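Content type mmCIF, C-alpha atoms and all ligand atoms, from the file target-v8.cif:
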data_data
loop_
_atom_site.label_atom_id
_atom_site.label_comp_id
_atom_site.auth_asym_id
_atom_site.auth_seq_id
_atom_site.Cartn_x
_atom_site.Cartn_y
_atom_site.Cartn_z
CA MET A 1 0.00 0.00 0.00
CA LYS A 2 1.29 3.47 -0.86
CA LYS A 3 1.92 5.99 1.91
CA ASN A 4 2.78 9.67 1.94
CA ALA A 5 6.22 10.61 3.22
CA LEU A 6 7.40 14.15 3.95
CA ILE A 7 10.45 14.67 1.69
CA TRP A 8 10.80 18.41 0.96
CA ASP A 9 11.01 20.65 4.02
CA ILE A 10 9.25 24.02 4.02
CA PRO A 11 12.49 26.06 3.55
CA THR A 12 13.45 24.09 0.40
CA ARG A 13 9.94 24.50 -1.03
CA LEU A 14 9.88 28.21 -0.22
CA PHE A 15 13.36 28.56 -1.72
CA HIS A 16 12.19 26.85 -4.92
CA TRP A 17 9.08 28.93 -5.57
CA LEU A 18 10.73 32.21 -4.53
CA LEU A 19 13.57 31.38 -6.95
CA VAL A 20 11.07 30.74 -9.75
CA GLY A 21 9.35 34.08 -8.98
CA SER A 22 12.70 35.90 -8.84
CA ILE A 23 13.91 34.57 -12.19
CA VAL A 24 10.63 35.59 -13.87
CA ALA A 25 10.85 39.02 -12.18
CA GLN A 26 14.48 39.43 -13.31
CA TYR A 27 13.49 38.74 -16.89
CA ALA A 28 10.44 41.03 -16.67
CA THR A 29 12.34 43.98 -15.15
CA VAL A 30 14.77 44.19 -18.08
CA ASN A 31 12.59 42.97 -20.96
CA TRP A 32 8.92 43.76 -20.32
CA LEU A 33 8.81 46.70 -17.90
CA ASP A 34 10.06 50.25 -18.51
CA ASN A 35 12.32 51.95 -15.98
CA ALA A 36 12.45 48.90 -13.74
CA VAL A 37 16.24 48.39 -13.58
CA GLN A 38 16.30 49.51 -9.93
CA TRP A 39 13.87 46.67 -9.18
CA HIS A 40 16.10 44.36 -11.22
CA PHE A 41 18.92 45.21 -8.78
CA TYR A 42 16.74 44.63 -5.69
CA VAL A 43 15.40 41.31 -6.94
CA GLY A 44 18.95 40.37 -7.98
CA TYR A 45 20.16 40.92 -4.39
CA PHE A 46 17.26 38.83 -3.15
CA THR A 47 18.18 36.06 -5.61
CA LEU A 48 21.75 36.19 -4.31
CA PHE A 49 20.32 35.77 -0.80
CA LEU A 50 18.32 32.73 -1.97
CA VAL A 51 21.43 31.09 -3.43
CA VAL A 52 23.54 31.75 -0.32
CA PHE A 53 20.70 30.40 1.85
CA ARG A 54 20.45 27.24 -0.30
CA LEU A 55 24.23 26.67 -0.11
CA PHE A 56 24.10 26.73 3.70
CA TRP A 57 20.86 24.71 3.78
CA GLY A 58 22.54 22.12 1.58
CA VAL A 59 24.96 21.57 4.45
CA VAL A 60 22.84 21.93 7.60
CA GLY A 61 19.30 21.39 6.25
CA THR A 62 17.04 18.34 6.45
CA ARG A 63 18.02 14.99 4.91
CA TYR A 64 16.88 15.40 1.29
CA ALA A 65 18.00 19.04 1.11
CA LYS A 66 21.62 18.10 1.85
CA PHE A 67 24.13 18.03 -1.01
CA THR A 68 25.71 14.86 0.39
CA GLN A 69 22.32 13.15 -0.03
CA PHE A 70 21.74 13.97 -3.69
CA VAL A 71 25.12 14.65 -5.33
CA LYS A 72 26.17 11.19 -6.55
CA GLY A 73 29.21 9.82 -8.41
CA PRO A 74 29.24 8.93 -12.15
CA LYS A 75 28.58 5.21 -11.53
CA LEU A 76 25.24 5.84 -9.83
CA VAL A 77 24.30 8.42 -12.46
CA VAL A 78 25.00 5.92 -15.28
CA ASN A 79 23.07 3.16 -13.46
CA TYR A 80 20.19 5.54 -12.99
CA LEU A 81 20.28 6.50 -16.70
CA LYS A 82 19.83 2.82 -17.61
CA SER A 83 16.51 2.75 -15.74
CA LEU A 84 15.35 6.16 -16.96
CA PHE A 85 12.72 4.75 -19.32
CA ASP A 86 11.65 1.95 -16.99
CA LYS A 87 8.16 2.86 -15.79
CA HIS A 88 8.40 0.41 -12.91
CA ALA A 89 11.79 1.47 -11.51
CA THR A 90 11.50 2.39 -7.81
CA PRO A 91 11.20 6.19 -7.52
CA THR A 92 13.90 7.97 -5.51
CA ALA A 93 12.70 9.71 -2.37
CA GLY A 94 14.76 12.92 -2.86
CA HIS A 95 16.41 14.13 -6.07
CA ASN A 96 17.40 11.27 -8.37
CA PRO A 97 21.15 10.95 -9.19
CA LEU A 98 20.74 12.75 -12.54
CA GLY A 99 18.37 15.42 -11.18
CA GLY A 100 20.83 16.12 -8.35
CA TRP A 101 23.39 17.33 -10.90
CA PHE A 102 20.73 19.44 -12.59
CA VAL A 103 20.11 21.14 -9.26
CA ILE A 104 23.84 21.91 -8.92
CA VAL A 105 24.04 23.28 -12.48
CA MET A 106 20.99 25.50 -11.90
CA LEU A 107 22.39 26.84 -8.63
CA ILE A 108 25.78 27.59 -10.25
CA LEU A 109 24.15 29.39 -13.19
CA VAL A 110 21.93 31.49 -10.91
CA ALA A 111 24.97 32.31 -8.75
CA ILE A 112 26.98 33.39 -11.85
CA GLN A 113 24.02 35.50 -12.94
CA ALA A 114 23.64 37.26 -9.58
CA ILE A 115 27.40 37.81 -9.05
CA SER A 116 28.05 39.10 -12.59
CA GLY A 117 25.04 41.42 -12.15
CA LEU A 118 26.95 43.23 -9.38
CA PHE A 119 29.31 44.54 -12.11
CA MET A 120 26.62 45.61 -14.62
CA THR A 121 25.41 49.07 -15.61
CA ASP A 122 22.24 50.28 -17.30
CA ASP A 123 24.44 52.86 -19.14
CA ILE A 124 22.24 55.67 -17.79
CA PHE A 125 22.06 56.08 -13.99
CA LEU A 126 22.55 52.76 -12.29
CA ASP A 127 25.79 50.91 -11.64
CA GLY A 128 26.09 47.59 -9.82
CA PRO A 129 27.99 47.95 -6.51
CA TYR A 130 31.22 46.38 -7.82
CA ARG A 131 31.45 48.29 -11.10
CA ALA A 132 33.81 50.95 -9.77
CA LEU A 133 36.21 48.30 -8.42
CA ALA A 134 36.76 46.37 -11.62
CA THR A 135 39.03 46.84 -14.64
CA GLU A 136 37.59 47.16 -18.17
CA GLU A 137 38.55 43.52 -18.90
CA VAL A 138 36.71 42.24 -15.82
CA LEU A 139 33.65 44.37 -16.68
CA SER A 140 33.55 42.99 -20.19
CA VAL A 141 33.82 39.37 -18.92
CA MET A 142 31.08 40.00 -16.35
CA SER A 143 28.81 41.57 -18.95
CA SER A 144 29.27 38.59 -21.30
CA LEU A 145 28.64 36.20 -18.39
CA HIS A 146 25.45 38.07 -17.42
CA HIS A 147 24.06 37.58 -20.93
CA LEU A 148 25.40 34.06 -21.61
CA ALA A 149 24.55 32.56 -18.20
CA PHE A 150 20.94 33.65 -18.62
CA ASP A 151 20.69 32.00 -22.03
CA ALA A 152 22.21 28.82 -20.56
CA LEU A 153 19.83 29.05 -17.59
CA LEU A 154 16.85 29.26 -19.95
CA TYR A 155 17.90 26.00 -21.69
CA VAL A 156 18.42 24.25 -18.35
CA ILE A 157 15.03 25.49 -17.05
CA VAL A 158 13.30 24.19 -20.19
CA LEU A 159 14.99 20.78 -19.65
CA HIS A 160 14.06 20.92 -15.95
CA ILE A 161 10.37 21.59 -16.64
CA GLY A 162 10.49 19.02 -19.46
CA ALA A 163 11.86 16.45 -16.98
CA VAL A 164 9.06 17.19 -14.50
CA ILE A 165 6.49 16.71 -17.30
CA PHE A 166 8.22 13.45 -18.37
CA TYR A 167 8.09 12.06 -14.80
CA THR A 168 4.44 13.08 -14.44
CA ALA A 169 3.20 11.82 -17.80
CA PHE A 170 5.44 8.78 -18.45
CA LYS A 171 6.52 7.58 -15.01
CA LYS A 172 3.30 8.68 -13.24
CA GLN A 173 5.29 10.33 -10.43
CA LYS A 174 3.69 13.47 -9.07
CA LEU A 175 6.87 15.53 -8.59
CA ALA A 176 5.43 19.04 -8.93
CA PRO A 177 2.73 18.69 -6.19
CA ALA A 178 5.49 17.30 -3.93
CA MET A 179 7.39 20.60 -4.35
CA VAL A 180 4.19 22.31 -3.11
CA HIS A 181 3.06 20.21 -0.12
CA GLY A 182 6.35 18.40 0.47
CA LYS A 183 5.00 14.83 0.36
CA LYS A 184 5.75 11.99 -2.03
CA GLU A 185 4.06 8.60 -2.36
CA VAL A 186 6.30 5.73 -1.18
CA PHE A 187 5.79 1.98 -0.89
CA HIS A 188 7.71 1.40 2.34
CA ASN A 189 8.04 3.42 5.51
CA GLU A 190 11.66 2.46 6.02
CA VAL A 191 14.81 1.80 4.01
CA ASP A 192 17.84 0.25 5.75
CA GLY A 193 16.10 0.70 9.10
CA LYS A 194 15.69 4.44 8.54
CA HIS A 195 12.35 6.23 8.15
CA ILE A 196 11.98 7.60 4.62
CA SER A 197 10.01 10.58 5.87
CA ILE A 198 11.80 13.52 7.50
CA GLU A 199 10.35 14.40 10.91
CA HIS A 200 9.90 18.13 10.40
CA SER A 201 11.26 21.18 8.56
CA LYS A 202 13.74 22.45 11.21
CA LEU A 203 12.21 25.92 10.90
CA VAL A 204 14.17 27.57 13.74
CA ARG A 205 17.42 26.39 12.17
CA ALA A 206 16.20 27.64 8.77
CA LEU A 207 15.47 31.06 10.27
CA ILE A 208 18.98 31.30 11.74
CA VAL A 209 20.47 30.20 8.39
CA ALA A 210 18.32 32.81 6.59
CA LEU A 211 19.56 35.55 8.96
CA ILE A 212 23.18 34.54 8.37
CA ALA A 213 22.61 34.45 4.58
CA ALA A 214 20.99 37.92 4.72
CA PHE A 215 23.98 39.22 6.69
CA VAL A 216 26.42 37.78 4.14
CA VAL A 217 24.52 39.49 1.30
CA TYR A 218 24.40 42.75 3.28
CA LEU A 219 28.21 42.61 3.66
CA VAL A 220 28.63 41.86 -0.04
CA ILE A 221 26.38 44.63 -1.41
CA GLU A 222 26.49 47.35 1.28
CA VAL A 223 29.59 47.10 3.45
CA TYR A 224 32.41 45.92 1.19
CA PRO A 225 31.86 47.93 -2.06
CA PRO A 226 33.08 51.56 -2.24
CA ALA A 227 30.42 54.28 -1.75
CA PRO A 228 28.97 55.42 -5.11
CA GLN A 229 30.77 58.42 -6.62
CA VAL A 230 28.67 61.57 -7.10
CA ASP A 231 29.27 62.55 -10.71
CA ASP A 232 30.14 66.10 -11.82
CA PHE A 233 26.90 65.82 -13.76
CA TYR A 234 24.90 66.41 -10.56
CA TYR A 235 26.53 69.75 -9.60
C1 LIG A 301 12.53 29.55 -13.21
C2 LIG A 301 12.21 28.29 -13.25
C3 LIG A 301 12.75 27.24 -12.31
C4 LIG A 301 13.94 27.15 -11.67
C5 LIG A 301 15.13 28.10 -11.73
C6 LIG A 301 13.91 25.93 -10.88
C7 LIG A 301 14.94 25.49 -10.07
C8 LIG A 301 14.90 24.36 -9.28
C9 LIG A 301 15.90 23.98 -8.32
C10 LIG A 301 17.17 24.79 -7.99
C11 LIG A 301 15.50 22.82 -7.75
C12 LIG A 301 16.20 22.09 -6.63
C13 LIG A 301 15.45 22.37 -5.35
C14 LIG A 301 16.33 22.17 -4.14
O1 LIG A 301 16.71 21.05 -3.81
O2 LIG A 301 16.67 23.20 -3.54
C15 LIG A 301 14.26 22.42 -8.37
C16 LIG A 301 13.55 21.28 -8.07
C17 LIG A 301 12.30 21.02 -8.56
N1 LIG A 301 11.55 21.84 -9.39
FE1 LIG A 301 12.13 23.56 -10.21
N2 LIG A 301 12.70 25.31 -11.06
C18 LIG A 301 11.96 26.09 -11.92
C19 LIG A 301 10.68 25.86 -12.34
C20 LIG A 301 9.91 24.79 -11.97
C21 LIG A 301 8.54 24.57 -12.36
C22 LIG A 301 7.72 25.51 -13.24
C23 LIG A 301 8.16 23.40 -11.78
C24 LIG A 301 6.83 22.70 -11.88
C25 LIG A 301 6.29 22.37 -12.98
C26 LIG A 301 9.28 22.88 -11.04
C27 LIG A 301 9.29 21.71 -10.34
C28 LIG A 301 10.33 21.23 -9.60
C29 LIG A 301 10.29 19.96 -8.93
C30 LIG A 301 9.15 18.98 -8.92
C31 LIG A 301 11.52 19.82 -8.28
C32 LIG A 301 11.98 18.61 -7.45
C33 LIG A 301 12.50 17.60 -8.41
C34 LIG A 301 12.72 16.26 -7.74
O3 LIG A 301 11.74 15.67 -7.29
O4 LIG A 301 13.88 15.85 -7.67
N3 LIG A 301 10.34 23.76 -11.17
N4 LIG A 301 13.90 23.40 -9.29
C1 LIG A 302 20.00 35.93 -10.64
C2 LIG A 302 19.81 37.19 -10.77
C3 LIG A 302 19.74 37.90 -12.10
C4 LIG A 302 19.13 37.53 -13.28
C5 LIG A 302 18.36 36.23 -13.57
C6 LIG A 302 19.37 38.59 -14.25
C7 LIG A 302 18.94 38.58 -15.57
C8 LIG A 302 19.20 39.56 -16.48
C9 LIG A 302 18.80 39.54 -17.87
C10 LIG A 302 18.01 38.42 -18.55
C11 LIG A 302 19.24 40.68 -18.46
C12 LIG A 302 19.06 41.10 -19.91
C13 LIG A 302 20.26 40.65 -20.65
C14 LIG A 302 20.16 40.86 -22.13
O1 LIG A 302 19.66 41.90 -22.54
O2 LIG A 302 20.63 39.95 -22.84
C15 LIG A 302 19.92 41.45 -17.45
C16 LIG A 302 20.51 42.69 -17.65
C17 LIG A 302 21.01 43.48 -16.64
N1 LIG A 302 21.20 43.09 -15.32
FE1 LIG A 302 20.66 41.34 -14.47
N2 LIG A 302 20.08 39.58 -13.64
C18 LIG A 302 20.32 39.20 -12.33
C19 LIG A 302 21.00 39.91 -11.37
C20 LIG A 302 21.44 41.20 -11.51
C21 LIG A 302 22.03 42.01 -10.47
C22 LIG A 302 22.30 41.53 -9.03
C23 LIG A 302 22.31 43.23 -11.01
C24 LIG A 302 22.91 44.46 -10.39
C25 LIG A 302 23.16 44.64 -9.14
C26 LIG A 302 21.92 43.17 -12.41
C27 LIG A 302 22.06 44.21 -13.30
C28 LIG A 302 21.72 44.18 -14.63
C29 LIG A 302 21.87 45.32 -15.55
C30 LIG A 302 22.39 46.71 -15.18
C31 LIG A 302 21.43 44.87 -16.79
C32 LIG A 302 21.40 45.68 -18.09
C33 LIG A 302 20.07 46.39 -18.10
C34 LIG A 302 19.94 47.26 -19.33
O3 LIG A 302 20.28 46.78 -20.42
O4 LIG A 302 19.47 48.38 -19.16
N3 LIG A 302 21.40 41.92 -12.68
N4 LIG A 302 19.89 40.75 -16.26
#
As structure tokens, please, write out the structure in this file.
Ligand code: HEM
Ligand code: HEM
Amino acid sequence: MKKNALIWDIPTRLFHWLLVGSIVAQYATVNWLDNAVQWHFYVGYFTLFLVVFRLFWGVVGTRYAKFTQFVKGPKLVVNYLKSLFDKHATPTAGHNPLGGWFVIVMLILVAIQAISGLFMTDDIFLDGPYRALATEEVLSVMSSLHHLAFDALLYVIVLHIGAVIFYTAFKKQKLAPAMVHGKKEVFHNEVDGKHISIEHSKLVRALIVALIAAFVVYLVIEVYPPAPQVDDFYY
């Protein structure tokens, strides 16, 4: 008989849907909305916070949120690939060995996007906080990264959503609802004597981690960069 097991803690789920919202907002503030670059900066800082939070949560979070739980070696990935089109293969409780690497790639691309953004300019009024610190060569690399990483991110997101649709339609695994309510259907309560389900979301710990992540981002965007120069233009 199938049972429901809690797999995704609340912080991971919140992280996921806030990240989705942030990426859409980042695209909208430079492509669809006029005069919204200031908002692009704010949402960019928030996205940086999300990534820093997820890095820490990947170390001290609940079982299936931890990197050590879902980042697997090539052997396991290849074995998993062999069963990819097997409808009856036992579903993994957390990220599957291939999906785990997708998560890492997405996090790296979002991190590149947010960090390179700190060096960007809108060529009118707004400069990212690290623009004044960098040489022309660094600025040109950062600008290329900011454009290229987003294109790469779009391809990876399309593959990611495609994979969720494939698992839903072909393998009959309801992955997307699990990212909403946290629960997945499992056949057994235990594997190797361990409960499959996590006990709870460790919310107090998540709050402390979020405060630390916010402090790190505050240091990065407010404390470390030089104060903006007031241009002659304003006198
Ligand atoms: C901007 C678009 C998106 C981005 C950047 C994104 C990114 C991510 C990331 C980073 C994770 C890993 C979560 C973690 O462990 O922290 C993840 C997992 C997941 N995402 Fe998304 N996502 C996007 C859109 C979507 C959409 C639209 C859906 C639903 C249709 C979705 C469904 C899922 C599911 C089900 C998982 C868990 C997969 C599993 O069971 O292993 N994502 N996503
Ligand atoms: C993960 C976070 C971010 C995402 C997804 C993102 C995405 C984008 C995209 C799609 C563009 C348009 C690129 C093009 O035209 O090809 C863009 C441009 C830009 N981004 Fe970001 N960005 C992020 C973070 C940041 C941050 C943190 C800053 C600054 C602090 C920033 C500053 C800019 C600027 C100044 C532009 C050029 C706007 C213009 O052409 O007027 N971005 N970004």
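One distance worth recording is that between atom C34 of ligand LIG 302 (chain A) and atom CA of A:Asp122, which is 4.3 Å.
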Please indicate the distance in Å from atom CA of A:Met106 to atom C10 of ligand LIG 301 (chain A), rounded to one decimal place.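 That distance, rounded to one decimal, is 5.5 Å.
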Sorted per-residue table, chain A near ligand LIG 302 (chain A), closest atoms and distance, 8 Å, only C-alpha atoms and all ligand atoms, as CSV:
residue,atom,partner,partner_atom,distance
A:Ser22,CA,A:LIG302,C5,7.4
A:Ile23,CA,A:LIG302,C5,4.9
A:Val24,CA,A:LIG302,C5,7.8
A:Gln26,CA,A:LIG302,C4,5.0
A:Tyr27,CA,A:LIG302,C10,4.8
A:Val30,CA,A:LIG302,C12,5.6
A:Asn31,CA,A:LIG302,C12,6.8
A:Val37,CA,A:LIG302,C33,6.3
A:His40,CA,A:LIG302,N3,6.0
A:Phe41,CA,A:LIG302,C25,4.3
A:Tyr42,CA,A:LIG302,C22,7.2
A:Val43,CA,A:LIG302,C2,7.1
A:Gly44,CA,A:LIG302,C22,3.7
A:Tyr45,CA,A:LIG302,C22,5.1
A:Thr47,CA,A:LIG302,C1,5.4
A:Leu48,CA,A:LIG302,C1,6.6
A:Val110,CA,A:LIG302,C1,4.8
A:Ala111,CA,A:LIG302,C1,6.4
A:Ile112,CA,A:LIG302,C1,7.5
A:Gln113,CA,A:LIG302,C1,4.7
A:Ala114,CA,A:LIG302,C2,4.0
A:Ile115,CA,A:LIG302,C22,6.3
A:Ser116,CA,A:LIG302,C21,7.0
A:Gly117,CA,A:LIG302,C23,3.5
A:Leu118,CA,A:LIG302,C25,4.1
A:Phe119,CA,A:LIG302,C24,6.6
A:Met120,CA,A:LIG302,C30,4.4
A:Thr121,CA,A:LIG302,C30,3.9
A:Asp122,CA,A:LIG302,O4,3.8
A:Asp123,CA,A:LIG302,O4,6.7
A:Ile124,CA,A:LIG302,O4,7.9
A:Leu126,CA,A:LIG302,C30,6.7
A:Asp127,CA,A:LIG302,C30,6.5
A:Gly128,CA,A:LIG302,C25,4.2
A:Pro129,CA,A:LIG302,C25,6.4
A:His146,CA,A:LIG302,N4,6.3
A:His147,CA,A:LIG302,O2,4.6
A:Leu148,CA,A:LIG302,O2,7.7
A:Phe150,CA,A:LIG302,C10,5.6
A:Asp151,CA,A:LIG302,C10,7.8
Using only C-alpha atoms and all ligand atoms, which of A:Pro226, A:Gly94, A:Pro11, A:Gly73 sits nearest ligand LIG 301 (chain A)?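 Of all the options, A:Gly94 lies closest to ligand LIG 301 (chain A).
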Can you pull out the residues contacting A:Lys72? Cut-off 12 Å, using all atoms listed in the file, and skip same-chain residues under 3 positions away; I want them as an NGL selection string. :A and (66-69 or 75-80 or 95-104)
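Counting only C-alpha atoms, the residue from A:Phe70, A:Leu175, A:Thr90, A:Tyr64 that sits nearest to A:Ile196 is A:Tyr64.
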From the options A:Tyr130, A:Phe125, A:Phe166, A:Tyr224, which residue's atoms come nearest to ligand LIG 301 (chain A), counting all atoms listed in the file?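 Checking each of A:Tyr130, A:Phe125, A:Phe166, A:Tyr224 against ligand LIG 301 (chain A), counting all atoms listed in the file, the winner is A:Phe166.
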One decimal, in Å: what's the spacing between atom CA of A:Val216 and atom CA of A:Phe53? 9.6 Å
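In terms of minimum interatomic distance to ligand LIG 301 (chain A), A:Gln173 ranks closest within A:Ser143, A:Thr29, A:Gln173, A:Gln38, counting all atoms listed in the file.
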Can you list, as a PyMOL selection string, every protein, DNA or RNA residue that comes within 7 Å of A:Arg13 when you count only C-alpha atoms, leaving out same-chain residues fewer than 5 positions away? chain A and resi 8+179-180
For ligand LIG 301 (chain A), take all atoms listed in the file, fit an axis-aligned box around them, add 4 Å to each of the six sides, then output centre and edge lengths in Å rounded to one decimal, as JSON.
{"center_x": 11.7, "center_y": 22.6, "center_z": -8.4, "size_x": 18.9, "size_y": 21.9, "size_z": 17.7}
Within 10 Å of A:Tyr167 using only C-alpha atoms, minus same-chain residues under 4 positions, as a VMD selection string: chain A and resid 84 to 85 87 91 161 to 163 171 to 176
For stretch 181-188 of chain A, find every residue with an atom within 7 Å (counting all atoms listed in the file), except residues of its own chain fewer than 3 positions away, and show them as a PyMOL selection string. chain A and resi 1-9+177-178
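With distances taken over only C-alpha atoms and all ligand atoms, A:Thr62 is the one residue among A:Ser83, A:Asn35, A:Thr135, A:Thr62 lying closest to ligand LIG 301 (chain A).
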For stretch 154-162 of chain A, supply all heavy atoms and format the output as a PDB file, keeping the file's coordinate frame.
ATOM      1  N   LEU A 154      18.141  29.498 -19.288  1.00  0.00           N
ATOM      2  CA  LEU A 154      16.850  29.260 -19.950  1.00  0.00           C
ATOM      3  C   LEU A 154      16.777  27.838 -20.503  1.00  0.00           C
ATOM      4  O   LEU A 154      15.772  27.146 -20.341  1.00  0.00           O
ATOM      5  CB  LEU A 154      16.638  30.261 -21.084  1.00  0.00           C
ATOM      6  CG  LEU A 154      16.200  31.665 -20.666  1.00  0.00           C
ATOM      7  CD1 LEU A 154      15.971  32.522 -21.898  1.00  0.00           C
ATOM      8  CD2 LEU A 154      14.932  31.625 -19.822  1.00  0.00           C
ATOM      9  N   TYR A 155      17.891  27.375 -21.155  1.00  0.00           N
ATOM     10  CA  TYR A 155      17.900  26.000 -21.690  1.00  0.00           C
ATOM     11  C   TYR A 155      17.735  24.987 -20.569  1.00  0.00           C
ATOM     12  O   TYR A 155      16.981  24.018 -20.691  1.00  0.00           O
ATOM     13  CB  TYR A 155      19.214  25.721 -22.440  1.00  0.00           C
ATOM     14  CG  TYR A 155      19.298  26.418 -23.771  1.00  0.00           C
ATOM     15  CD1 TYR A 155      20.254  27.399 -24.002  1.00  0.00           C
ATOM     16  CD2 TYR A 155      18.416  26.097 -24.803  1.00  0.00           C
ATOM     17  CE1 TYR A 155      20.332  28.054 -25.228  1.00  0.00           C
ATOM     18  CE2 TYR A 155      18.488  26.744 -26.024  1.00  0.00           C
ATOM     19  CZ  TYR A 155      19.441  27.721 -26.233  1.00  0.00           C
ATOM     20  OH  TYR A 155      19.504  28.367 -27.434  1.00  0.00           O
ATOM     21  N   VAL A 156      18.462  25.213 -19.454  1.00  0.00           N
ATOM     22  CA  VAL A 156      18.420  24.250 -18.350  1.00  0.00           C
ATOM     23  C   VAL A 156      17.011  24.238 -17.722  1.00  0.00           C
ATOM     24  O   VAL A 156      16.490  23.178 -17.369  1.00  0.00           O
ATOM     25  CB  VAL A 156      19.507  24.571 -17.293  1.00  0.00           C
ATOM     26  CG1 VAL A 156      19.417  23.627 -16.121  1.00  0.00           C
ATOM     27  CG2 VAL A 156      20.879  24.470 -17.922  1.00  0.00           C
ATOM     28  N   ILE A 157      16.388  25.434 -17.628  1.00  0.00           N
ATOM     29  CA  ILE A 157      15.030  25.490 -17.050  1.00  0.00           C
ATOM     30  C   ILE A 157      14.046  24.740 -17.945  1.00  0.00           C
ATOM     31  O   ILE A 157      13.182  24.010 -17.455  1.00  0.00           O
ATOM     32  CB  ILE A 157      14.592  26.969 -16.846  1.00  0.00           C
ATOM     33  CG1 ILE A 157      15.395  27.604 -15.703  1.00  0.00           C
ATOM     34  CG2 ILE A 157      13.098  27.057 -16.545  1.00  0.00           C
ATOM     35  CD1 ILE A 157      15.194  29.105 -15.543  1.00  0.00           C
ATOM     36  N   VAL A 158      14.204  24.906 -19.276  1.00  0.00           N
ATOM     37  CA  VAL A 158      13.300  24.190 -20.190  1.00  0.00           C
ATOM     38  C   VAL A 158      13.478  22.674 -19.999  1.00  0.00           C
ATOM     39  O   VAL A 158      12.493  21.925 -19.897  1.00  0.00           O
ATOM     40  CB  VAL A 158      13.581  24.599 -21.669  1.00  0.00           C
ATOM     41  CG1 VAL A 158      12.878  23.660 -22.640  1.00  0.00           C
ATOM     42  CG2 VAL A 158      13.130  26.035 -21.904  1.00  0.00           C
ATOM     43  N   LEU A 159      14.740  22.219 -19.889  1.00  0.00           N
ATOM     44  CA  LEU A 159      14.990  20.780 -19.650  1.00  0.00           C
ATOM     45  C   LEU A 159      14.397  20.353 -18.311  1.00  0.00           C
ATOM     46  O   LEU A 159      13.809  19.274 -18.183  1.00  0.00           O
ATOM     47  CB  LEU A 159      16.497  20.508 -19.632  1.00  0.00           C
ATOM     48  CG  LEU A 159      17.186  20.427 -20.981  1.00  0.00           C
ATOM     49  CD1 LEU A 159      18.687  20.245 -20.800  1.00  0.00           C
ATOM     50  CD2 LEU A 159      16.627  19.246 -21.782  1.00  0.00           C
ATOM     51  N   HIS A 160      14.556  21.209 -17.295  1.00  0.00           N
ATOM     52  CA  HIS A 160      14.060  20.920 -15.950  1.00  0.00           C
ATOM     53  C   HIS A 160      12.534  20.736 -15.954  1.00  0.00           C
ATOM     54  O   HIS A 160      12.011  19.736 -15.452  1.00  0.00           O
ATOM     55  CB  HIS A 160      14.479  22.069 -15.029  1.00  0.00           C
ATOM     56  CG  HIS A 160      13.877  22.058 -13.674  1.00  0.00           C
ATOM     57  ND1 HIS A 160      14.050  21.025 -12.783  1.00  0.00           N
ATOM     58  CD2 HIS A 160      13.099  22.964 -13.021  1.00  0.00           C
ATOM     59  CE1 HIS A 160      13.412  21.302 -11.659  1.00  0.00           C
ATOM     60  NE2 HIS A 160      12.828  22.465 -11.776  1.00  0.00           N
ATOM     61  N   ILE A 161      11.842  21.689 -16.600  1.00  0.00           N
ATOM     62  CA  ILE A 161      10.370  21.590 -16.640  1.00  0.00           C
ATOM     63  C   ILE A 161       9.968  20.402 -17.514  1.00  0.00           C
ATOM     64  O   ILE A 161       9.044  19.656 -17.185  1.00  0.00           O
ATOM     65  CB  ILE A 161       9.752  22.925 -17.112  1.00  0.00           C
ATOM     66  CG1 ILE A 161      10.091  24.016 -16.079  1.00  0.00           C
ATOM     67  CG2 ILE A 161       8.235  22.805 -17.281  1.00  0.00           C
ATOM     68  CD1 ILE A 161       9.655  25.424 -16.456  1.00  0.00           C
ATOM     69  N   GLY A 162      10.744  20.179 -18.605  1.00  0.00           N
ATOM     70  CA  GLY A 162      10.490  19.020 -19.460  1.00  0.00           C
ATOM     71  C   GLY A 162      10.622  17.723 -18.663  1.00  0.00           C
ATOM     72  O   GLY A 162       9.807  16.798 -18.808  1.00  0.00           O
TER      73      GLY A 162
END
